[in-house]
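Okay, start-v3.csv now, which holds CSV, C-alpha atoms:
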chain,number,residue,atom,x,y,z
S,1,MET,CA,22.6,-14.4,-0.2
S,2,ILE,CA,18.8,-14.5,-0.5
S,3,ASN,CA,18.1,-14.7,-4.2
S,4,LYS,CA,14.3,-15.2,-4.2
S,5,ALA,CA,11.5,-12.7,-3.7
S,6,PHE,CA,7.7,-12.6,-3.8
S,7,ILE,CA,6.0,-9.4,-5.0
S,8,LEU,CA,2.3,-8.9,-4.1
S,9,GLY,CA,0.7,-7.7,-7.3
S,10,ALA,CA,-2.9,-8.9,-7.1
S,11,GLY,CA,-4.6,-6.1,-5.2
S,12,LEU,CA,-7.6,-4.2,-6.6
S,13,GLY,CA,-6.1,-0.8,-6.0
S,14,THR,CA,-9.5,0.6,-5.1
S,15,ARG,CA,-8.3,3.6,-3.0
S,16,MET,CA,-5.9,4.6,-5.9
S,17,ARG,CA,-8.7,5.1,-8.4
S,18,PRO,CA,-9.0,6.7,-10.9
S,19,LEU,CA,-5.3,6.0,-11.5
S,20,THR,CA,-6.1,2.3,-11.4
S,21,ASP,CA,-9.2,2.3,-13.5
S,22,ASN,CA,-7.2,0.7,-16.4
S,23,ILE,CA,-4.0,-0.5,-14.8
S,24,PRO,CA,-3.1,-2.4,-11.6
S,25,LYS,CA,-1.7,-0.4,-8.8
S,26,PRO,CA,1.9,-1.6,-9.3
S,27,MET,CA,1.9,0.1,-12.7
S,28,VAL,CA,1.2,3.5,-11.2
S,29,GLU,CA,4.1,5.8,-12.0
S,30,VAL,CA,6.2,7.7,-9.5
S,31,GLY,CA,9.2,9.6,-10.6
S,32,GLU,CA,8.4,8.8,-14.3
S,33,GLU,CA,8.7,5.0,-13.7
S,34,SER,CA,6.2,2.4,-12.6
S,35,LEU,CA,6.4,1.3,-8.9
S,36,ILE,CA,6.9,-2.4,-9.8
S,37,ARG,CA,9.7,-1.7,-12.4
S,38,ARG,CA,11.6,0.3,-9.8
S,39,ALA,CA,11.2,-2.4,-7.2
S,40,LEU,CA,12.5,-5.0,-9.8
S,41,TRP,CA,15.5,-2.9,-10.5
S,42,GLN,CA,16.3,-2.6,-6.7
S,43,LEU,CA,15.9,-6.4,-6.3
S,44,SER,CA,18.1,-7.1,-9.3
S,45,ASP,CA,20.8,-4.7,-8.0
S,46,HIS,CA,20.8,-6.7,-4.7
S,47,GLY,CA,21.3,-10.0,-6.6
S,48,VAL,CA,17.7,-11.3,-6.5
S,49,THR,CA,17.3,-13.3,-9.6
S,50,ASP,CA,14.2,-15.4,-9.0
S,51,ILE,CA,11.0,-13.4,-8.5
S,52,THR,CA,7.4,-14.5,-8.2
S,53,ILE,CA,4.5,-12.1,-8.8
S,54,ASN,CA,0.9,-12.8,-8.1
S,55,THR,CA,-1.9,-11.3,-10.2
S,56,HIS,CA,-5.6,-10.8,-10.3
S,57,TYR,CA,-6.9,-7.3,-11.3
S,58,LYS,CA,-5.7,-6.3,-14.8
S,59,ALA,CA,-3.3,-9.2,-14.9
S,60,GLU,CA,-2.7,-9.1,-18.6
S,61,GLU,CA,-1.7,-5.5,-18.4
S,62,LEU,CA,0.8,-6.2,-15.7
S,63,ARG,CA,2.3,-9.1,-17.6
S,64,ALA,CA,2.6,-7.1,-20.8
S,65,HIS,CA,4.2,-4.2,-18.9
S,66,LEU,CA,6.9,-6.6,-17.6
S,67,ALA,CA,7.3,-8.7,-20.8
S,68,ASP,CA,10.9,-7.6,-21.1
S,69,HIS,CA,11.8,-9.0,-17.6
S,70,ALA,CA,13.2,-12.5,-17.4
S,71,ASN,CA,13.0,-14.9,-14.5
S,72,ILE,CA,9.5,-13.9,-13.3
S,73,ASN,CA,7.3,-16.7,-12.1
S,74,TRP,CA,3.7,-15.6,-12.5
S,75,SER,CA,0.9,-16.8,-10.2
S,76,HIS,CA,-2.6,-15.8,-11.3
S,77,GLU,CA,-5.5,-15.8,-8.8
S,78,ASP,CA,-9.0,-16.2,-10.2
S,79,ILE,CA,-10.2,-15.6,-6.7
S,80,LEU,CA,-8.2,-13.3,-4.5
S,81,LEU,CA,-6.2,-15.3,-1.9
S,82,ASN,CA,-5.3,-12.3,0.3
S,83,THR,CA,-1.7,-11.4,1.3
S,84,GLY,CA,-1.0,-14.7,3.0
S,85,GLY,CA,-2.9,-17.1,0.8
S,86,GLY,CA,-1.3,-15.7,-2.4
S,87,ILE,CA,2.2,-16.5,-1.1
S,88,ALA,CA,1.2,-19.9,0.2
S,89,LYS,CA,-0.1,-20.9,-3.2
S,90,THR,CA,3.4,-20.5,-4.6
S,91,LEU,CA,5.4,-22.0,-1.7
S,92,PRO,CA,6.7,-25.1,-3.6
S,93,HIS,CA,8.6,-22.6,-5.8
S,94,PHE,CA,10.7,-21.4,-2.8
S,95,LYS,CA,11.8,-24.9,-1.8
S,96,GLU,CA,12.0,-24.1,1.9
S,97,GLN,CA,14.4,-21.2,1.3
S,98,ASP,CA,14.1,-17.8,3.0
S,99,PHE,CA,12.9,-15.1,0.7
S,100,PHE,CA,12.0,-11.4,0.4
S,101,VAL,CA,8.4,-10.3,0.3
S,102,ILE,CA,7.5,-6.8,-1.1
S,103,ALA,CA,4.2,-5.2,-2.0
S,104,GLY,CA,3.9,-4.3,-5.6
S,105,ASP,CA,3.2,-0.7,-4.7
S,106,SER,CA,6.2,-0.1,-2.6
S,107,TYR,CA,8.3,3.0,-3.1
S,108,TRP,CA,11.5,3.4,-1.1
S,109,ILE,CA,14.7,5.3,-1.5
S,110,ASP,CA,17.9,3.8,-0.1
S,111,ALA,CA,20.3,5.7,2.1
S,112,PRO,CA,23.7,6.5,0.5
S,113,ALA,CA,25.7,4.0,2.6
S,114,GLN,CA,23.7,0.8,2.1
S,115,THR,CA,20.6,-0.4,0.4
S,116,ALA,CA,17.5,-1.4,2.4
S,117,LEU,CA,17.6,-4.9,1.0
S,118,SER,CA,21.2,-5.4,2.0
S,119,ARG,CA,20.6,-4.1,5.5
S,120,LEU,CA,17.7,-6.5,5.9
S,121,GLN,CA,19.9,-9.3,4.7
S,122,GLU,CA,22.7,-8.3,7.0
S,123,HIS,CA,20.4,-8.3,10.1
S,124,TRP,CA,18.6,-11.5,9.1
S,125,ASN,CA,19.0,-14.4,11.5
S,126,PRO,CA,16.7,-17.3,10.8
S,127,ALA,CA,17.8,-19.1,14.0
S,128,ALA,CA,16.3,-16.3,16.1
S,129,MET,CA,13.5,-14.9,13.9
S,130,ASP,CA,10.8,-16.0,11.4
S,131,ILE,CA,10.0,-12.6,10.0
S,132,LEU,CA,12.1,-9.4,9.8
S,133,LEU,CA,10.2,-6.2,8.8
S,134,LEU,CA,11.6,-2.9,7.5
S,135,LEU,CA,10.0,-0.1,9.5
S,136,GLU,CA,9.7,3.6,8.8
S,137,PRO,CA,9.6,6.1,11.7
S,138,VAL,CA,6.2,7.8,11.7
S,139,SER,CA,7.9,11.0,12.9
S,140,ARG,CA,9.8,11.2,9.6
S,141,MET,CA,6.8,10.9,7.3
S,142,ARG,CA,5.9,14.3,5.9
S,143,LEU,CA,4.5,13.8,2.4
S,144,THR,CA,2.2,10.8,3.1
S,145,THR,CA,0.2,9.7,6.2
S,146,GLY,CA,2.0,7.5,8.6
S,147,VAL,CA,0.3,4.9,10.7
S,148,GLY,CA,1.9,3.6,13.9
S,149,ASP,CA,1.9,-0.1,13.3
S,150,TYR,CA,4.7,-1.2,15.6
S,151,ASN,CA,6.9,-0.4,18.6
S,152,PHE,CA,10.3,-1.8,19.3
S,153,THR,CA,10.2,-3.6,22.6
S,154,ALA,CA,13.7,-2.7,23.7
S,155,GLY,CA,15.3,0.5,22.2
S,156,VAL,CA,14.8,1.6,18.7
S,157,GLY,CA,16.5,0.6,15.5
S,158,PHE,CA,16.6,-3.2,15.5
S,159,GLY,CA,15.1,-5.9,17.6
S,160,PRO,CA,11.8,-7.6,18.6
S,161,ILE,CA,8.7,-5.6,17.9
S,162,ARG,CA,5.1,-5.5,19.1
S,163,ARG,CA,2.1,-4.5,17.1
S,164,SER,CA,0.1,-1.5,18.3
S,165,LEU,CA,-3.5,-2.4,18.0
S,166,ALA,CA,-4.5,1.2,18.4
S,167,GLN,CA,-2.0,2.2,15.6
S,168,THR,CA,-0.2,4.6,17.9
S,169,GLY,CA,3.2,3.0,17.5
S,170,THR,CA,6.4,4.7,16.6
S,171,HIS,CA,6.9,2.9,13.3
S,172,MET,CA,5.0,2.0,10.2
S,173,PHE,CA,5.5,-1.3,8.3
S,174,THR,CA,6.9,-0.5,4.8
S,175,SER,CA,5.9,-3.9,3.3
S,176,LEU,CA,9.6,-4.9,2.8
S,177,ARG,CA,10.5,-8.1,4.7
S,178,ILE,CA,12.4,-11.3,4.8
S,179,ASN,CA,10.6,-14.5,6.1
S,180,THR,CA,11.3,-18.2,6.4
S,181,ALA,CA,9.3,-20.6,4.3
S,182,ARG,CA,8.3,-22.6,7.4
S,183,ILE,CA,5.9,-19.9,8.7
S,184,PHE,CA,3.5,-21.2,6.1
S,185,ASP,CA,3.6,-24.9,7.3
S,186,ASP,CA,0.3,-24.8,9.2
S,187,CYS,CA,-1.5,-22.2,7.2
S,188,PRO,CA,-5.2,-22.8,6.2
S,189,PRO,CA,-6.1,-23.5,2.6
S,190,GLY,CA,-7.5,-20.6,0.6
S,191,PRO,CA,-7.4,-16.9,1.5
S,192,PHE,CA,-5.8,-15.6,4.7
S,193,SER,CA,-3.9,-12.5,5.8
S,194,TYR,CA,-0.1,-12.3,6.1
S,195,LEU,CA,-0.8,-10.3,9.3
S,196,ASP,CA,-1.9,-13.6,11.0
S,197,LEU,CA,1.7,-14.9,10.4
S,198,MET,CA,3.2,-11.7,11.8
S,199,ASP,CA,1.0,-11.9,14.9
S,200,LYS,CA,2.0,-15.5,15.4
S,201,ALA,CA,5.7,-14.8,15.0
S,202,GLU,CA,5.3,-11.9,17.5
S,203,SER,CA,3.6,-14.2,20.1
S,204,GLN,CA,6.6,-16.5,19.8
S,205,GLY,CA,9.2,-13.8,20.1
S,206,ARG,CA,10.3,-14.3,16.5
S,207,LEU,CA,9.0,-11.1,14.8
S,208,PHE,CA,11.8,-8.5,14.5
S,209,GLY,CA,12.0,-5.0,13.0
S,210,LEU,CA,14.7,-2.9,11.4
S,211,GLU,CA,14.4,0.8,11.1
S,212,HIS,CA,14.8,2.1,7.5
S,213,ASP,CA,17.6,4.7,7.2
S,214,GLY,CA,16.4,6.0,3.9
S,215,ILE,CA,13.0,7.3,2.7
S,216,TRP,CA,9.7,5.5,2.3
S,217,HIS,CA,6.4,6.8,1.3
S,218,HIS,CA,3.0,5.3,2.0
S,219,LEU,CA,1.2,5.5,-1.4
S,220,SER,CA,-2.5,4.8,-0.8
S,221,THR,CA,-4.3,7.5,-2.8
S,222,PRO,CA,-3.9,9.6,-6.0
S,223,GLN,CA,-3.1,12.5,-3.7
S,224,ASP,CA,-0.2,10.6,-2.2
S,225,VAL,CA,1.2,9.9,-5.6
S,226,ALA,CA,0.8,13.6,-6.6
S,227,ALA,CA,2.5,14.8,-3.5
S,228,VAL,CA,5.5,12.5,-4.0
S,229,ASN,CA,5.8,13.3,-7.7
S,230,LYS,CA,5.7,17.0,-6.9
S,231,ALA,CA,8.5,16.6,-4.3
S,232,LEU,CA,10.7,14.6,-6.7
S,233,LYS,CA,10.4,17.3,-9.4
S,234,GLY,CA,11.8,19.7,-6.8

Once more with this new file: its structure as structure tokens, please.
Amino acid sequence: MINKAFILGAGLGTRMRPLTDNIPKPMVEVGEESLIRRALWQLSDHGVTDITINTHYKAEELRAHLADHANINWSHEDILLNTGGGIAKTLPHFKEQDFFVIAGDSYWIDAPAQTALSRLQEHWNPAAMDILLLLEPVSRMRLTTGVGDYNFTAGVGFGPIRRSLAQTGTHMFTSLRINTARIFDDCPPGPFSYLDLMDKAESQGRLFGLEHDGIWHHLSTPQDVAAVNKALKG
């Protein structure tokens, strides 16, 4: 069982303004609860007990918001380290163990039969893969805009994937993933993008995808949040 996770919470949330004028993006509320609290509950339900969160913009507000949550390892960035550098900074904490990575603004609904995290865990095979991404079919995205990040290379549902540089792929990356710690072994110091690690894993045939069988929304703007909240209210 993977019991560690990293939550990306340091982003500026620029496209989400004015909702993020005074709070970081993970504190934006959807369904009357902040995005990050909901993600923490889902991780806890799966048995993830050791969580690292990086901060930058409105860091004190986020720490205060989660003051009642135990077992959070905070990593503050005075200078933004981007999506890869932020994780690499905390790598000693993971002690070469595989771990979940989730964006702090993720919003997903599990299918009735099995949670997304348990499905990722079930399909995870570190002998064959370095990164396993949870992917949402663009064809199912109605409330928020879908971007075709990836295609499955053989069939659809689970297996190796290839990035669509023109963003015309069949599936969008949800931000939920499992990775090995070793993918950071040769990373440069300072800021770098996690996308570089995904591209490297793809080039080595070790980037896999799993189609999400629940619901996921791409929350990028206040209009996205309003649309999802309206739908949740019925």

TODO: Compile the contact shell of segment 191-193 of chain S as number ranges by chain: residues with an atom at most 12 Å away, counting only C-alpha atoms, same-chain residues fewer than 5 positions apart removed.
DONE: S: 77-89, 184, 186, 198-200

Open item on the list: Would you compute the distance between atom CA of His217 of chain S and atom CA of Ile7 of chain S? Give it in Å to one decimal.
Closed with: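 Separation between atom CA of His217 of chain S and atom CA of Ile7 of chain S: 17.4 Å.
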
- [ ] Provide the atom CA of Leu8 of chain S to atom CA of Pro222 of chain S distance in Å, to one decimal place.
- [x]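 So the answer is 19.6 Å.
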
Task: Selected residue of minimal separation from Val156 of chain S among S:Leu210, S:Leu176, S:Leu43, S:Ala201, counting all atoms listed in the file - done: S:Leu210

TODO: Enter the distance from atom CA of Thr144 of chain S to atom CA of Lys233 of chain S, in Å, rounded to one decimal.
DONE: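 About the pair atom CA of Thr144 of chain S and atom CA of Lys233 of chain S: they are 16.3 Å apart.
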
Task: Neighbour list for Gln204 of chain S as an MDAnalysis selection string, cut-off 12 Å, only C-alpha atoms, skip fewer than 6 positions in-chain - done: chainID S and resid 128:131 160:162 183 197:198

Selection from above, C-alpha atoms, as a short mmCIF file (atom, residue, chain, number, x, y, z; two decimals), in the frame of the given file, can you write it?
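Saved as result-v5.cif:
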data_model
loop_
_atom_site.label_atom_id
_atom_site.label_comp_id
_atom_site.auth_asym_id
_atom_site.auth_seq_id
_atom_site.Cartn_x
_atom_site.Cartn_y
_atom_site.Cartn_z
CA ALA S 128 16.30 -16.30 16.10
CA MET S 129 13.50 -14.90 13.90
CA ASP S 130 10.80 -16.00 11.40
CA ILE S 131 10.00 -12.60 10.00
CA PRO S 160 11.80 -7.60 18.60
CA ILE S 161 8.70 -5.60 17.90
CA ARG S 162 5.10 -5.50 19.10
CA ILE S 183 5.90 -19.90 8.70
CA LEU S 197 1.70 -14.90 10.40
CA MET S 198 3.20 -11.70 11.80
#

Please, what is the axis-aligned box for every listed atom of segment 27-36 of chain S with 3 Å on each side, as centre and edge lengths in Å to one decimal, as JSON?
{"center_x": 5.2, "center_y": 3.6, "center_z": -11.6, "size_x": 14.0, "size_y": 18.0, "size_z": 11.4}

Task: From S:Val48, S:Ser75, S:Gly104, S:Glu60, residue lying nearest Met27 of chain S [only C-alpha atoms] - done: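 Of the candidates, the smallest distance to Met27 of chain S is held by S:Gly104.
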
Open item on the list: Neighbouring residues of Leu132 of chain S were defined as those with any atom within 10 Å, considering all atoms listed in the file; residues of the same chain fewer than 4 positions away were excluded. Please report them as a ChimeraX atom specification.
Closed with: /S:100,120-121,123-126,158-161,176-180,198,201,206-210

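Every protein or nucleic acid residue with an atom no more than 10 Å from segment 163-168 of chain S, counting only C-alpha atoms and leaving out same-chain residues fewer than 3 positions away, appears here: Val138, Gly146, Val147, Gly148, Asp149, Tyr150, Asn151, Phe152, Thr153, His171, Met172, Phe173, Met198, Asp199, Glu202 and Leu207 of chain S.
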
Could those residues be written to a file, using C-alpha atoms, as a JSON list (two decimals), in the coordinates of the input?
[["chain", "number", "residue", "atom", "x", "y", "z"],
["S", 138, "VAL", "CA", 6.20, 7.80, 11.70],
["S", 146, "GLY", "CA", 2.00, 7.50, 8.60],
["S", 147, "VAL", "CA", 0.30, 4.90, 10.70],
["S", 148, "GLY", "CA", 1.90, 3.60, 13.90],
["S", 149, "ASP", "CA", 1.90, -0.10, 13.30],
["S", 150, "TYR", "CA", 4.70, -1.20, 15.60],
["S", 151, "ASN", "CA", 6.90, -0.40, 18.60],
["S", 152, "PHE", "CA", 10.30, -1.80, 19.30],
["S", 153, "THR", "CA", 10.20, -3.60, 22.60],
["S", 171, "HIS", "CA", 6.90, 2.90, 13.30],
["S", 172, "MET", "CA", 5.00, 2.00, 10.20],
["S", 173, "PHE", "CA", 5.50, -1.30, 8.30],
["S", 198, "MET", "CA", 3.20, -11.70, 11.80],
["S", 199, "ASP", "CA", 1.00, -11.90, 14.90],
["S", 202, "GLU", "CA", 5.30, -11.90, 17.50],
["S", 207, "LEU", "CA", 9.00, -11.10, 14.80]]

So which residues are close to (-4.4, -0.9, -11.4), meaning at most 10 Å away in the file's coordinates with only C-alpha atoms counted, and can you show them as a PDB file with C-alpha atoms, in the coordinates of the input?
ATOM      1  CA  GLY S   9       0.700  -7.700  -7.300  1.00  0.00           C
ATOM      2  CA  ALA S  10      -2.900  -8.900  -7.100  1.00  0.00           C
ATOM      3  CA  GLY S  11      -4.600  -6.100  -5.200  1.00  0.00           C
ATOM      4  CA  LEU S  12      -7.600  -4.200  -6.600  1.00  0.00           C
ATOM      5  CA  GLY S  13      -6.100  -0.800  -6.000  1.00  0.00           C
ATOM      6  CA  THR S  14      -9.500   0.600  -5.100  1.00  0.00           C
ATOM      7  CA  MET S  16      -5.900   4.600  -5.900  1.00  0.00           C
ATOM      8  CA  ARG S  17      -8.700   5.100  -8.400  1.00  0.00           C
ATOM      9  CA  PRO S  18      -9.000   6.700 -10.900  1.00  0.00           C
ATOM     10  CA  LEU S  19      -5.300   6.000 -11.500  1.00  0.00           C
ATOM     11  CA  THR S  20      -6.100   2.300 -11.400  1.00  0.00           C
ATOM     12  CA  ASP S  21      -9.200   2.300 -13.500  1.00  0.00           C
ATOM     13  CA  ASN S  22      -7.200   0.700 -16.400  1.00  0.00           C
ATOM     14  CA  ILE S  23      -4.000  -0.500 -14.800  1.00  0.00           C
ATOM     15  CA  PRO S  24      -3.100  -2.400 -11.600  1.00  0.00           C
ATOM     16  CA  LYS S  25      -1.700  -0.400  -8.800  1.00  0.00           C
ATOM     17  CA  PRO S  26       1.900  -1.600  -9.300  1.00  0.00           C
ATOM     18  CA  MET S  27       1.900   0.100 -12.700  1.00  0.00           C
ATOM     19  CA  VAL S  28       1.200   3.500 -11.200  1.00  0.00           C
ATOM     20  CA  TYR S  57      -6.900  -7.300 -11.300  1.00  0.00           C
ATOM     21  CA  LYS S  58      -5.700  -6.300 -14.800  1.00  0.00           C
ATOM     22  CA  ALA S  59      -3.300  -9.200 -14.900  1.00  0.00           C
ATOM     23  CA  GLU S  61      -1.700  -5.500 -18.400  1.00  0.00           C
ATOM     24  CA  LEU S  62       0.800  -6.200 -15.700  1.00  0.00           C
TER      25      LEU S  62
END

Expected answer as an mmCIF file with C-alpha atoms, in the frame of the given file: all residues with atoms within 8 Å of (-0.8, 8.3, -6.3), all atoms listed in the file:
data_model
loop_
_atom_site.group_PDB
_atom_site.id
_atom_site.type_symbol
_atom_site.label_atom_id
_atom_site.label_comp_id
_atom_site.auth_asym_id
_atom_site.auth_seq_id
_atom_site.Cartn_x
_atom_site.Cartn_y
_atom_site.Cartn_z
ATOM 1 C CA MET S 16 -5.900 4.600 -5.900
ATOM 2 C CA LEU S 19 -5.300 6.000 -11.500
ATOM 3 C CA VAL S 28 1.200 3.500 -11.200
ATOM 4 C CA GLU S 29 4.100 5.800 -12.000
ATOM 5 C CA VAL S 30 6.200 7.700 -9.500
ATOM 6 C CA LEU S 219 1.200 5.500 -1.400
ATOM 7 C CA SER S 220 -2.500 4.800 -0.800
ATOM 8 C CA THR S 221 -4.300 7.500 -2.800
ATOM 9 C CA PRO S 222 -3.900 9.600 -6.000
ATOM 10 C CA GLN S 223 -3.100 12.500 -3.700
ATOM 11 C CA ASP S 224 -0.200 10.600 -2.200
ATOM 12 C CA VAL S 225 1.200 9.900 -5.600
ATOM 13 C CA ALA S 226 0.800 13.600 -6.600
ATOM 14 C CA ALA S 227 2.500 14.800 -3.500
ATOM 15 C CA VAL S 228 5.500 12.500 -4.000
#

TODO: Counting all atoms listed in the file, figure out which residue out of S:Ala231, S:Met141, S:Ala154, S:Leu117 gets nearest to Gln42 of chain S.
DONE: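 Ranked by minimum distance to Gln42 of chain S, first place goes to S:Leu117.
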
Open item on the list: Restricting the calculation to only C-alpha atoms: of S:Asn229, S:Trp108, S:Val101, S:Arg37, which residue gets closest to Ala67 of chain S?
Closed with: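 Answer, going by the shortest atom-to-atom distance: S:Arg37.
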
- [ ] May I ask which of the residues S:Ser34, S:Ser139, S:Gln114, S:Thr145 is the closest one to Gly169 of chain S, counting all atoms listed in the file?
- [x]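 Nearest candidate to Gly169 of chain S out of S:Ser34, S:Ser139, S:Gln114, S:Thr145: S:Ser139.
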